[in-house]
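The file work38.pdb comes next; it holds PDB, C-alpha atoms and all ligand atoms.
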MODEL        1
ATOM      1  CA  MET D 488      40.986   1.989  -5.741
ATOM      2  CA  GLU D 489      39.140  -0.906  -7.351
ATOM      3  CA  TYR D 490      37.194  -0.402 -10.586
ATOM      4  CA  ILE D 491      34.141  -2.137 -12.030
ATOM      5  CA  GLY D 492      33.509  -1.904 -15.770
ATOM      6  CA  PHE D 493      30.049  -0.612 -16.610
ATOM      7  CA  THR D 494      28.117  -1.212 -19.807
ATOM      8  CA  TYR D 495      24.563  -1.614 -21.030
ATOM      9  CA  VAL D 496      22.917  -3.373 -23.926
ATOM     10  CA  SER D 497      21.630  -0.502 -26.007
ATOM     11  CA  ASN D 498      19.241  -2.586 -28.127
ATOM     12  CA  PHE D 499      15.648  -1.592 -27.244
ATOM     13  CA  VAL D 500      16.823   1.290 -25.005
ATOM     14  CA  SER D 501      15.381   4.756 -25.648
ATOM     15  CA  ASP D 502      17.334   8.032 -25.235
ATOM     16  CA  ARG D 503      15.376   8.877 -22.107
ATOM     17  CA  ILE D 504      16.284   5.585 -20.464
ATOM     18  CA  GLU D 505      19.919   5.997 -21.531
ATOM     19  CA  GLU D 506      19.984   9.272 -19.607
ATOM     20  CA  VAL D 507      18.605   7.541 -16.520
ATOM     21  CA  LEU D 508      21.266   4.817 -16.814
ATOM     22  CA  PHE D 509      24.013   7.434 -16.682
ATOM     23  CA  GLU D 510      22.344   9.117 -13.716
ATOM     24  CA  ALA D 511      22.266   5.728 -11.945
ATOM     25  CA  PHE D 512      25.941   5.218 -12.839
ATOM     26  CA  ASN D 513      26.761   8.610 -11.287
ATOM     27  CA  ASP D 514      24.653   7.914  -8.209
ATOM     28  CA  VAL D 515      26.457   4.623  -7.545
ATOM     29  CA  ASN D 516      29.829   6.359  -7.775
ATOM     30  CA  LYS D 517      28.567   9.168  -5.552
ATOM     31  CA  PHE D 518      27.414   6.567  -3.040
ATOM     32  CA  PHE D 519      30.863   4.945  -2.895
ATOM     33  CA  THR D 520      32.553   8.344  -2.645
ATOM     34  CA  GLU D 521      30.298   9.530   0.178
ATOM     35  CA  THR D 522      30.458   6.283   2.114
ATOM     36  CA  GLY D 523      34.248   6.050   1.871
ATOM     37  CA  LEU D 524      34.613   2.805  -0.097
ATOM     38  CA  PRO D 525      37.519   2.563  -2.595
ATOM     39  CA  LEU D 526      35.264   1.403  -5.416
ATOM     40  CA  ARG D 527      34.190   3.111  -8.668
ATOM     41  CA  LEU D 528      32.326   2.220 -11.836
ATOM     42  CA  VAL D 529      34.098   2.941 -15.125
ATOM     43  CA  TYR D 530      32.046   3.345 -18.286
ATOM     44  CA  LEU D 531      33.210   0.899 -20.980
ATOM     45  CA  ASP D 532      30.894   1.985 -23.800
ATOM     46  CA  LYS D 533      27.557   0.411 -24.646
ATOM     47  CA  LEU D 534      27.051  -3.049 -26.115
ATOM     48  CA  ILE D 535      25.157  -3.366 -29.379
ATOM     49  CA  LEU D 536      24.141  -6.953 -30.070
ATOM     50  CA  GLU D 537      23.375  -8.331 -33.520
ATOM     51  CA  PRO D 538      19.682  -9.218 -34.023
ATOM     52  CA  GLY D 539      20.860 -12.710 -35.037
ATOM     53  CA  TYR D 540      21.348 -13.544 -31.364
ATOM     54  CA  LEU D 541      17.703 -12.804 -30.527
ATOM     55  CA  ILE D 542      15.577 -15.701 -29.393
ATOM     56  CA  THR D 543      11.839 -15.911 -28.841
ATOM     57  CA  LEU D 544      10.693 -17.353 -25.536
ATOM     58  CA  GLN D 545       7.265 -18.344 -24.338
ATOM     59  CA  THR D 546       7.142 -16.924 -20.809
ATOM     60  CA  PRO D 547       4.474 -16.446 -18.133
ATOM     61  CA  GLU D 548       4.334 -12.829 -19.366
ATOM     62  CA  GLY D 549       3.673 -13.939 -22.960
ATOM     63  CA  LYS D 550       6.005 -14.308 -25.932
ATOM     64  CA  ILE D 551       9.201 -12.286 -25.507
ATOM     65  CA  ARG D 552      12.083 -11.558 -27.883
ATOM     66  CA  LEU D 553      15.347 -11.315 -26.004
ATOM     67  CA  PHE D 554      19.077 -11.930 -26.053
ATOM     68  CA  PRO D 555      19.949 -15.053 -24.064
ATOM     69  CA  LEU D 556      21.970 -14.624 -20.913
ATOM     70  CA  ASP D 557      24.731 -16.902 -22.244
ATOM     71  CA  VAL D 558      25.393 -14.537 -25.157
ATOM     72  CA  LEU D 559      25.431 -11.512 -22.864
ATOM     73  CA  ILE D 560      27.859 -13.143 -20.469
ATOM     74  CA  ASP D 561      30.240 -14.020 -23.322
ATOM     75  CA  PHE D 562      30.168 -10.495 -24.764
ATOM     76  CA  MET D 563      30.643  -8.802 -21.413
ATOM     77  CA  ASP D 564      33.404 -11.176 -20.412
ATOM     78  CA  TYR D 565      35.179 -10.474 -23.714
ATOM     79  CA  ARG D 566      34.781  -6.704 -23.152
ATOM     80  CA  LEU D 567      36.243  -7.027 -19.662
ATOM     81  CA  LYS D 568      39.157  -9.122 -20.930
ATOM     82  CA  VAL D 569      40.021  -6.503 -23.565
ATOM     83  CA  GLU D 570      40.106  -3.916 -20.792
ATOM     84  CA  MET D 571      42.214  -6.081 -18.476
ATOM     85  CA  ASP D 572      44.695  -6.863 -21.288
ATOM     86  CA  LYS D 573      45.482  -3.146 -21.540
ATOM     87  CA  ASN D 574      47.404  -3.573 -18.298
ATOM     88  CA  ASP D 575      47.114   0.138 -17.580
ATOM     89  CA  GLY D 576      47.411  -0.263 -13.832
ATOM     90  CA  LEU D 577      43.683  -0.096 -13.068
ATOM     91  CA  VAL D 578      42.527  -2.803 -10.670
ATOM     92  CA  MET D 579      39.498  -4.157 -12.525
ATOM     93  CA  ASN D 580      38.258  -7.749 -12.794
ATOM     94  CA  LYS D 581      34.520  -7.160 -12.642
ATOM     95  CA  ILE D 582      31.971  -5.883 -15.105
ATOM     96  CA  MET D 583      28.342  -4.861 -14.718
ATOM     97  CA  GLY D 584      25.851  -4.711 -17.550
ATOM     98  CA  ILE D 585      22.275  -3.464 -17.639
ATOM     99  CA  THR D 586      19.700  -4.822 -20.067
ATOM    100  CA  SER D 587      16.154  -3.777 -20.864
ATOM    101  CA  PHE D 588      14.890  -7.323 -21.483
ATOM    102  CA  PRO D 589      14.224 -10.074 -18.930
ATOM    103  CA  LEU D 590      17.080 -12.388 -17.982
ATOM    104  CA  ALA D 591      16.766 -15.823 -19.555
ATOM    105  CA  SER D 592      19.048 -18.475 -20.933
ATOM    106  CA  ARG D 593      18.083 -20.753 -23.805
ATOM    107  CA  ASP D 594      16.644 -23.331 -21.450
ATOM    108  CA  ARG D 595      15.682 -21.300 -18.452
ATOM    109  CA  TYR D 596      13.472 -18.312 -17.882
ATOM    110  CA  PHE D 597      14.162 -16.474 -14.667
ATOM    111  CA  GLY D 598      10.845 -15.616 -13.057
ATOM    112  CA  PHE D 599      10.034 -12.107 -12.040
ATOM    113  CA  TYR D 600      11.475 -12.141  -8.535
ATOM    114  CA  GLU D 601      14.450 -14.256  -9.432
ATOM    115  CA  SER D 602      15.410 -11.870 -12.198
ATOM    116  CA  PHE D 603      14.697  -8.960  -9.913
ATOM    117  CA  LEU D 604      18.173  -8.386  -8.653
ATOM    118  CA  GLY D 605      20.345  -9.644 -11.409
ATOM    119  CA  PHE D 606      22.607 -12.514 -12.232
ATOM    120  CA  GLN D 607      26.288 -13.224 -11.654
ATOM    121  CA  ALA D 608      28.706 -15.395 -13.563
ATOM    122  CA  GLU D 609      32.302 -16.187 -12.736
ATOM    123  CA  ARG D 610      35.095 -16.873 -15.213
ATOM    124  CA  VAL D 611      38.601 -17.569 -13.932
ATOM    125  CA  GLY D 612      39.363 -14.428 -11.987
ATOM    126  CA  ARG D 613      36.617 -12.356 -13.568
ATOM    127  CA  LYS D 614      33.087 -11.522 -12.417
ATOM    128  CA  ILE D 615      30.224 -10.664 -14.713
ATOM    129  CA  MET D 616      27.105  -9.035 -13.246
ATOM    130  CA  ILE D 617      23.946  -8.560 -15.252
ATOM    131  CA  ILE D 618      20.872  -6.646 -14.158
ATOM    132  CA  SER D 619      17.616  -6.441 -16.034
ATOM    133  CA  MET D 620      15.941  -3.073 -15.643
ATOM    134  CA  ARG D 621      12.601  -4.566 -16.656
ATOM    135  CA  PRO D 622      11.265  -5.499 -13.192
ATOM    136  CA  PHE D 623      11.971  -1.927 -12.058
ATOM    137  CA  GLU D 624       9.771  -0.359 -14.748
ATOM    138  CA  SER D 625       6.215   0.562 -13.845
ATOM    139  CA  ASP D 626       3.387  -0.022 -16.332
ATOM    140  CA  SER D 627       2.677   3.701 -16.520
ATOM    141  CA  MET D 628       6.349   4.397 -17.278
ATOM    142  CA  ARG D 629       6.352   1.830 -20.086
ATOM    143  CA  MET D 630       3.153   3.281 -21.519
ATOM    144  CA  ALA D 631       4.441   6.874 -21.349
ATOM    145  CA  LEU D 632       7.639   5.888 -23.189
ATOM    146  CA  LYS D 633       5.585   4.189 -25.881
ATOM    147  CA  ILE D 634       3.454   7.307 -26.353
ATOM    148  CA  LEU D 635       6.522   9.531 -26.701
ATOM    149  CA  ASP D 636       8.030   7.137 -29.246
ATOM    150  CA  ASN D 637       4.885   7.258 -31.341
ATOM    151  CA  PRO D 638       5.091  10.058 -33.944
ATOM    152  CA  LEU D 639       1.302   9.916 -34.365
ATOM    153  CA  ALA D 640       0.475  10.537 -30.686
ATOM    154  CA  ASP D 641      -1.252  13.882 -30.128
ATOM    155  CA  GLU D 642       0.330  16.729 -28.159
ATOM    156  CA  GLU D 643      -1.983  16.556 -25.170
ATOM    157  CA  LEU D 644      -1.263  12.879 -24.709
ATOM    158  CA  LYS D 645       2.474  13.540 -25.014
ATOM    159  CA  LEU D 646       2.278  16.239 -22.357
ATOM    160  CA  LEU D 647       0.585  13.760 -20.036
ATOM    161  CA  ALA D 648       3.242  11.151 -20.843
ATOM    162  CA  ARG D 649       6.020  13.609 -19.992
ATOM    163  CA  ARG D 650       4.345  14.365 -16.692
ATOM    164  CA  VAL D 651       4.125  10.644 -15.889
ATOM    165  CA  LEU D 652       7.801  10.194 -16.734
ATOM    166  CA  SER D 653       8.967  13.072 -14.558
ATOM    167  CA  ARG D 654       7.304  11.272 -11.653
ATOM    168  CA  GLU D 655       8.229   7.682 -12.580
ATOM    169  CA  LEU D 656      11.824   7.962 -13.838
ATOM    170  CA  PRO D 657      13.397   9.046 -10.516
ATOM    171  CA  ILE D 658      11.663   6.117  -8.765
ATOM    172  CA  PHE D 659      12.877   3.756 -11.505
ATOM    173  CA  LYS D 660      16.427   5.110 -11.155
ATOM    174  CA  THR D 661      16.523   4.572  -7.385
ATOM    175  CA  ARG D 662      15.300   0.976  -7.805
ATOM    176  CA  LEU D 663      18.078   0.397 -10.298
ATOM    177  CA  VAL D 664      20.760   2.010  -8.104
ATOM    178  CA  LYS D 665      19.763  -0.285  -5.236
ATOM    179  CA  GLY D 666      19.878  -3.264  -7.613
ATOM    180  CA  MET D 667      23.380  -2.264  -8.708
ATOM    181  CA  LEU D 668      24.577  -1.949  -5.110
ATOM    182  CA  HIS D 669      23.033  -5.362  -4.389
ATOM    183  CA  GLU D 670      24.951  -7.066  -7.220
ATOM    184  CA  ILE D 671      28.183  -5.268  -6.366
ATOM    185  CA  GLY D 672      27.717  -6.502  -2.795
ATOM    186  CA  HIS D 673      27.481 -10.098  -4.064
ATOM    187  CA  ALA D 674      30.533  -9.593  -6.285
ATOM    188  CA  PHE D 675      32.517  -8.728  -3.148
ATOM    189  CA  GLY D 676      31.281 -11.737  -1.214
ATOM    190  CA  LEU D 677      28.158 -10.438   0.515
ATOM    191  CA  GLU D 678      25.180 -12.715   0.941
ATOM    192  CA  HIS D 679      21.555 -11.800   1.524
ATOM    193  CA  CYS D 680      20.660 -10.315   4.904
ATOM    194  CA  ASN D 681      17.391  -9.634   6.730
ATOM    195  CA  ASN D 682      18.001  -6.002   7.598
ATOM    196  CA  ASP D 683      16.902  -2.716   6.087
ATOM    197  CA  CYS D 684      19.642  -2.996   3.495
ATOM    198  CA  VAL D 685      20.145  -3.377  -0.276
ATOM    199  CA  MET D 686      21.329  -6.959   0.399
ATOM    200  CA  ASN D 687      17.849  -7.933   1.613
ATOM    201  CA  PRO D 688      16.022  -9.045  -1.569
ATOM    202  CA  PRO D 689      12.404  -7.873  -1.769
ATOM    203  CA  LYS D 690       9.249  -9.817  -2.497
ATOM    204  CA  SER D 691       7.690  -6.912  -4.321
ATOM    205  CA  VAL D 692       8.688  -3.646  -5.942
ATOM    206  CA  GLN D 693       6.920  -1.777  -3.125
ATOM    207  CA  GLU D 694       9.114  -3.518  -0.600
ATOM    208  CA  TRP D 695      12.181  -2.600  -2.645
ATOM    209  CA  ASP D 696      11.083   1.053  -2.661
ATOM    210  CA  SER D 697      10.927   1.077   1.121
ATOM    211  CA  ARG D 698      14.485  -0.287   1.508
ATOM    212  CA  TYR D 699      17.206   2.022   2.695
ATOM    213  CA  LEU D 700      19.659   2.952  -0.043
ATOM    214  CA  GLY D 701      22.801   1.451   1.444
ATOM    215  CA  TYR D 702      24.423  -1.474   3.227
ATOM    216  CA  CYS D 703      23.501  -2.291   6.839
ATOM    217  CA  THR D 704      26.185  -2.278   9.544
ATOM    218  CA  GLN D 705      26.845  -6.026   9.180
ATOM    219  CA  CYS D 706      27.081  -5.972   5.379
ATOM    220  CA  ARG D 707      29.210  -2.836   5.442
ATOM    221  CA  ALA D 708      31.643  -4.465   7.879
ATOM    222  CA  LYS D 709      31.948  -7.512   5.590
ATOM    223  CA  LEU D 710      32.330  -5.320   2.515
ATOM    224  CA  GLU D 711      35.147  -3.329   4.133
ATOM    225  CA  LYS D 712      37.128  -6.543   4.565
ATOM    226  CA  ALA D 713      37.311  -6.904   0.762
ATOM    227  CA  PHE D 714      39.602  -3.845   0.614
ATOM    228  CA  PRO D 715      42.969  -2.972   2.121
ATOM    229  CA  GLU D 716      42.293  -1.455   5.542
ATOM    230  CA  GLU D 717      43.940   1.895   4.860
ATOM    231  CA  LYS D 718      41.839   2.415   1.714
ATOM    232  CA  VAL D 719      38.500   2.458   3.554
ATOM    233  CA  ASN D 720      37.282   5.645   5.200
ATOM    234  CA  ARG D 721      35.733   4.399   8.426
ATOM    235  CA  ASP D 722      34.532   7.848   9.438
ATOM    236  CA  ALA D 723      32.236   8.116   6.434
ATOM    237  CA  PRO D 724      28.502   7.438   6.935
ATOM    238  CA  TYR D 725      27.248   3.999   5.854
ATOM    239  CA  PHE D 726      24.327   5.447   3.995
ATOM    240  CA  SER D 727      24.282   8.038   1.276
ATOM    241  CA  LEU D 728      23.252  11.429   2.674
ATOM    242  CA  ARG D 729      20.703  12.134  -0.032
TER     243      ARG D 729
HETATM  244 ZN    ZN Q 801      20.941 -11.322  -4.432
HETATM  245 ZN    ZN Q 802      22.712  -6.038   5.065
ENDMDL
END
Can you dump the structure from the file as structure tokens?
Ligand SMILES: [Zn+2]
Ligand SMILES: [Zn+2]
Amino acid sequence: MEYIGFTYVSNFVSDRIEEVLFEAFNDVNKFFTETGLPLRLVYLDKLILEPGYLITLQTPEGKIRLFPLDVLIDFMDYRLKVEMDKNDGLVMNKIMGITSFPLASRDRYFGFYESFLGFQAERVGRKIMIISMRPFESDSMRMALKILDNPLADEELKLLARRVLSRELPIFKTRLVKGMLHEIGHAFGLEHCNNDCVMNPPKSVQEWDSRYLGYCTQCRAKLEKAFPEEKVNRDAPYFSLR
């Protein structure tokens, strides 16, 4: 079995979104279990970054306060190294982190579609994957969360916000799960494909919603090669049954 460390930057993340992150974590593991791949995420606690690392960027979406990608990569790489130094027999040289802010380095802002499906960095023998959840959020979801965070919002408005969230959060979660599978695919050597597959990057969120939750036959075959033959269950379906 191969393990991937999982973490998220908890700055700016509400309790409701935290819950969704853990559901996405579970869904990814369920996907690998059901589809017979010897791969699991392991939760390595959340990352809390000091406000001192925040930078302000002028972006096409307006001024944004965020933690630069370079800082995130360093922190996650350090977290992974600590885990690997434990030498507890777990095969783990990859880490995935989810952030709520857009992906940007000090000198480069990753545009909407570029940031869509995350970023990968490689450090001698270690892989760091970062996904921003921001492009997966709908405007109505963002607004509903803001209403629920506002102690002055009236009850009727809050009820409406809860209703919006019960519709929007499952959609948001599925987008994120597909994004996670996409980055994991890259981490194991997959490239983009043109099929109905998580490795086919979308041009819009709508397109992403219509994608099948899983790897196509070609990508699956390539992915299997990353693992010892006897560890892969070839009788399992390629796509999650849900
Ligand atoms: Zn990609
Ligand atoms: Zn594919």
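Residues in contact with ligand ZN 802 (chain Q) (atom pairs separated by at most 6 Å; all atoms listed in the file) are Cys680, Asn682, Cys684, Met686, Tyr702, Cys703, Gln705 and Cys706 of chain D.
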Can you measure CA of Ile542 in chain D to CA of Arg629 in chain D for me? One decimal in Å is fine.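 One can read the CA of Ile542 in chain D to CA of Arg629 in chain D distance as 21.9 Å.
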Between CA of Arg649 in chain D and CA of Asp636 in chain D, what is the distance in Å, rounded to a tenth?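 Separation of CA of Arg649 in chain D and CA of Asp636 in chain D: 11.5 Å.
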Nearest to ligand ZN 801 (chain Q): which of D:Ser691, D:Gly605, D:Phe623, D:Arg721 is it, counting all atoms listed in the file?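 The closest residue to ligand ZN 801 (chain Q) is D:Gly605.
CA of Gly676 in chain D to CA of Lys709 in chain D spans 8.0 Å [interatomic distance, one decimal].
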Residues within 10 Å of ligand ZN 801 (chain Q) (all atoms listed in the file), as a PDB file with C-alpha atoms, in the frame of the given file?
ATOM      1  CA  GLU D 601      14.450 -14.256  -9.432  1.00  0.00           C
ATOM      2  CA  SER D 602      15.410 -11.870 -12.198  1.00  0.00           C
ATOM      3  CA  PHE D 603      14.697  -8.960  -9.913  1.00  0.00           C
ATOM      4  CA  LEU D 604      18.173  -8.386  -8.653  1.00  0.00           C
ATOM      5  CA  GLY D 605      20.345  -9.644 -11.409  1.00  0.00           C
ATOM      6  CA  PHE D 606      22.607 -12.514 -12.232  1.00  0.00           C
ATOM      7  CA  GLN D 607      26.288 -13.224 -11.654  1.00  0.00           C
ATOM      8  CA  GLY D 666      19.878  -3.264  -7.613  1.00  0.00           C
ATOM      9  CA  HIS D 669      23.033  -5.362  -4.389  1.00  0.00           C
ATOM     10  CA  GLU D 670      24.951  -7.066  -7.220  1.00  0.00           C
ATOM     11  CA  ILE D 671      28.183  -5.268  -6.366  1.00  0.00           C
ATOM     12  CA  GLY D 672      27.717  -6.502  -2.795  1.00  0.00           C
ATOM     13  CA  HIS D 673      27.481 -10.098  -4.064  1.00  0.00           C
ATOM     14  CA  ALA D 674      30.533  -9.593  -6.285  1.00  0.00           C
ATOM     15  CA  LEU D 677      28.158 -10.438   0.515  1.00  0.00           C
ATOM     16  CA  GLU D 678      25.180 -12.715   0.941  1.00  0.00           C
ATOM     17  CA  HIS D 679      21.555 -11.800   1.524  1.00  0.00           C
ATOM     18  CA  CYS D 680      20.660 -10.315   4.904  1.00  0.00           C
ATOM     19  CA  VAL D 685      20.145  -3.377  -0.276  1.00  0.00           C
ATOM     20  CA  MET D 686      21.329  -6.959   0.399  1.00  0.00           C
ATOM     21  CA  ASN D 687      17.849  -7.933   1.613  1.00  0.00           C
ATOM     22  CA  PRO D 688      16.022  -9.045  -1.569  1.00  0.00           C
ATOM     23  CA  PRO D 689      12.404  -7.873  -1.769  1.00  0.00           C
TER      24      PRO D 689
END
For Pro657 in chain D, which residue out of D:Met583, D:Thr494, D:Leu508, D:Leu635 is the nearest one, using all atoms listed in the file?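 When distances to Pro657 in chain D are compared using all atoms listed in the file, the smallest one comes from D:Leu508.
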Have a look at D:Ala708, D:Val515, D:Met628, D:Leu577 and name the one nearest to Phe675 in chain D; count all atoms listed in the file.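 Counting all atoms listed in the file, the residue closest to Phe675 in chain D is D:Ala708.
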Of the listed residues D:Met571, D:Glu609, D:Ser627, D:Arg662, that which approaches Glu694 in chain D most closely, counting all atoms listed in the file: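 That would be D:Arg662, the residue with the smallest distance to Glu694 in chain D.
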So that I can see what lies close to range 520-534 of chain D, please list as an MDAnalysis selection string the residues with an atom at most 7 Å from it, counting only C-alpha atoms and leaving out residues fewer than 5 positions away in the same chain. chainID D and resid 488:497 718:721 723:727
Hey, can I get the axis-aligned box for range 549-567 of chain D? All listed atoms, 4 Å padding on each side, centre and edge lengths in Å to one decimal, as AutoDock Vina command-line options.
--center_x 20.0 --center_y -11.8 --center_z -23.8 --size_x 40.6 --size_y 18.2 --size_z 16.2
Translate the PyMOL selection byres (((chain D and resi 621) around 7) and not hetatm) into a concrete residue list for this structure, as a count of residues only. 8
Measuring atom to atom with only C-alpha atoms, identify which of D:Lys712, D:Lys573, D:Lys568, D:Arg707 is nearest to Leu668 in chain D.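 That would be D:Arg707, the residue with the smallest distance to Leu668 in chain D.
Remark: for Glu655 in chain D, the closest of the candidate residues D:Leu541, D:Ile582, D:Met616, D:Ile504 is D:Ile504 (distances computed over all atoms listed in the file).
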On this structure, the PyMOL selection byres (((chain D and resi 647) around 12) and not hetatm) would catch which residues? List them as a PyMOL selection string, sorted by chain and number. chain D and resi 627-628+630-632+634-635+640-646+648-654
List the residues selected by the PyMOL selection byres (((chain D and resi 553) around 10) and not hetatm) in the file shown, writing them as a PDB file with C-alpha atoms, in the coordinates of the input.
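What ended up in expr-v3.pdb:
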ATOM      1  CA  ASN D 498      19.241  -2.586 -28.127  1.00  0.00           C
ATOM      2  CA  PHE D 499      15.648  -1.592 -27.244  1.00  0.00           C
ATOM      3  CA  PRO D 538      19.682  -9.218 -34.023  1.00  0.00           C
ATOM      4  CA  TYR D 540      21.348 -13.544 -31.364  1.00  0.00           C
ATOM      5  CA  LEU D 541      17.703 -12.804 -30.527  1.00  0.00           C
ATOM      6  CA  ILE D 542      15.577 -15.701 -29.393  1.00  0.00           C
ATOM      7  CA  THR D 543      11.839 -15.911 -28.841  1.00  0.00           C
ATOM      8  CA  LEU D 544      10.693 -17.353 -25.536  1.00  0.00           C
ATOM      9  CA  LYS D 550       6.005 -14.308 -25.932  1.00  0.00           C
ATOM     10  CA  ILE D 551       9.201 -12.286 -25.507  1.00  0.00           C
ATOM     11  CA  ARG D 552      12.083 -11.558 -27.883  1.00  0.00           C
ATOM     12  CA  PHE D 554      19.077 -11.930 -26.053  1.00  0.00           C
ATOM     13  CA  PRO D 555      19.949 -15.053 -24.064  1.00  0.00           C
ATOM     14  CA  LEU D 556      21.970 -14.624 -20.913  1.00  0.00           C
ATOM     15  CA  THR D 586      19.700  -4.822 -20.067  1.00  0.00           C
ATOM     16  CA  SER D 587      16.154  -3.777 -20.864  1.00  0.00           C
ATOM     17  CA  PHE D 588      14.890  -7.323 -21.483  1.00  0.00           C
ATOM     18  CA  PRO D 589      14.224 -10.074 -18.930  1.00  0.00           C
ATOM     19  CA  LEU D 590      17.080 -12.388 -17.982  1.00  0.00           C
ATOM     20  CA  ALA D 591      16.766 -15.823 -19.555  1.00  0.00           C
ATOM     21  CA  SER D 592      19.048 -18.475 -20.933  1.00  0.00           C
TER      22      SER D 592
END
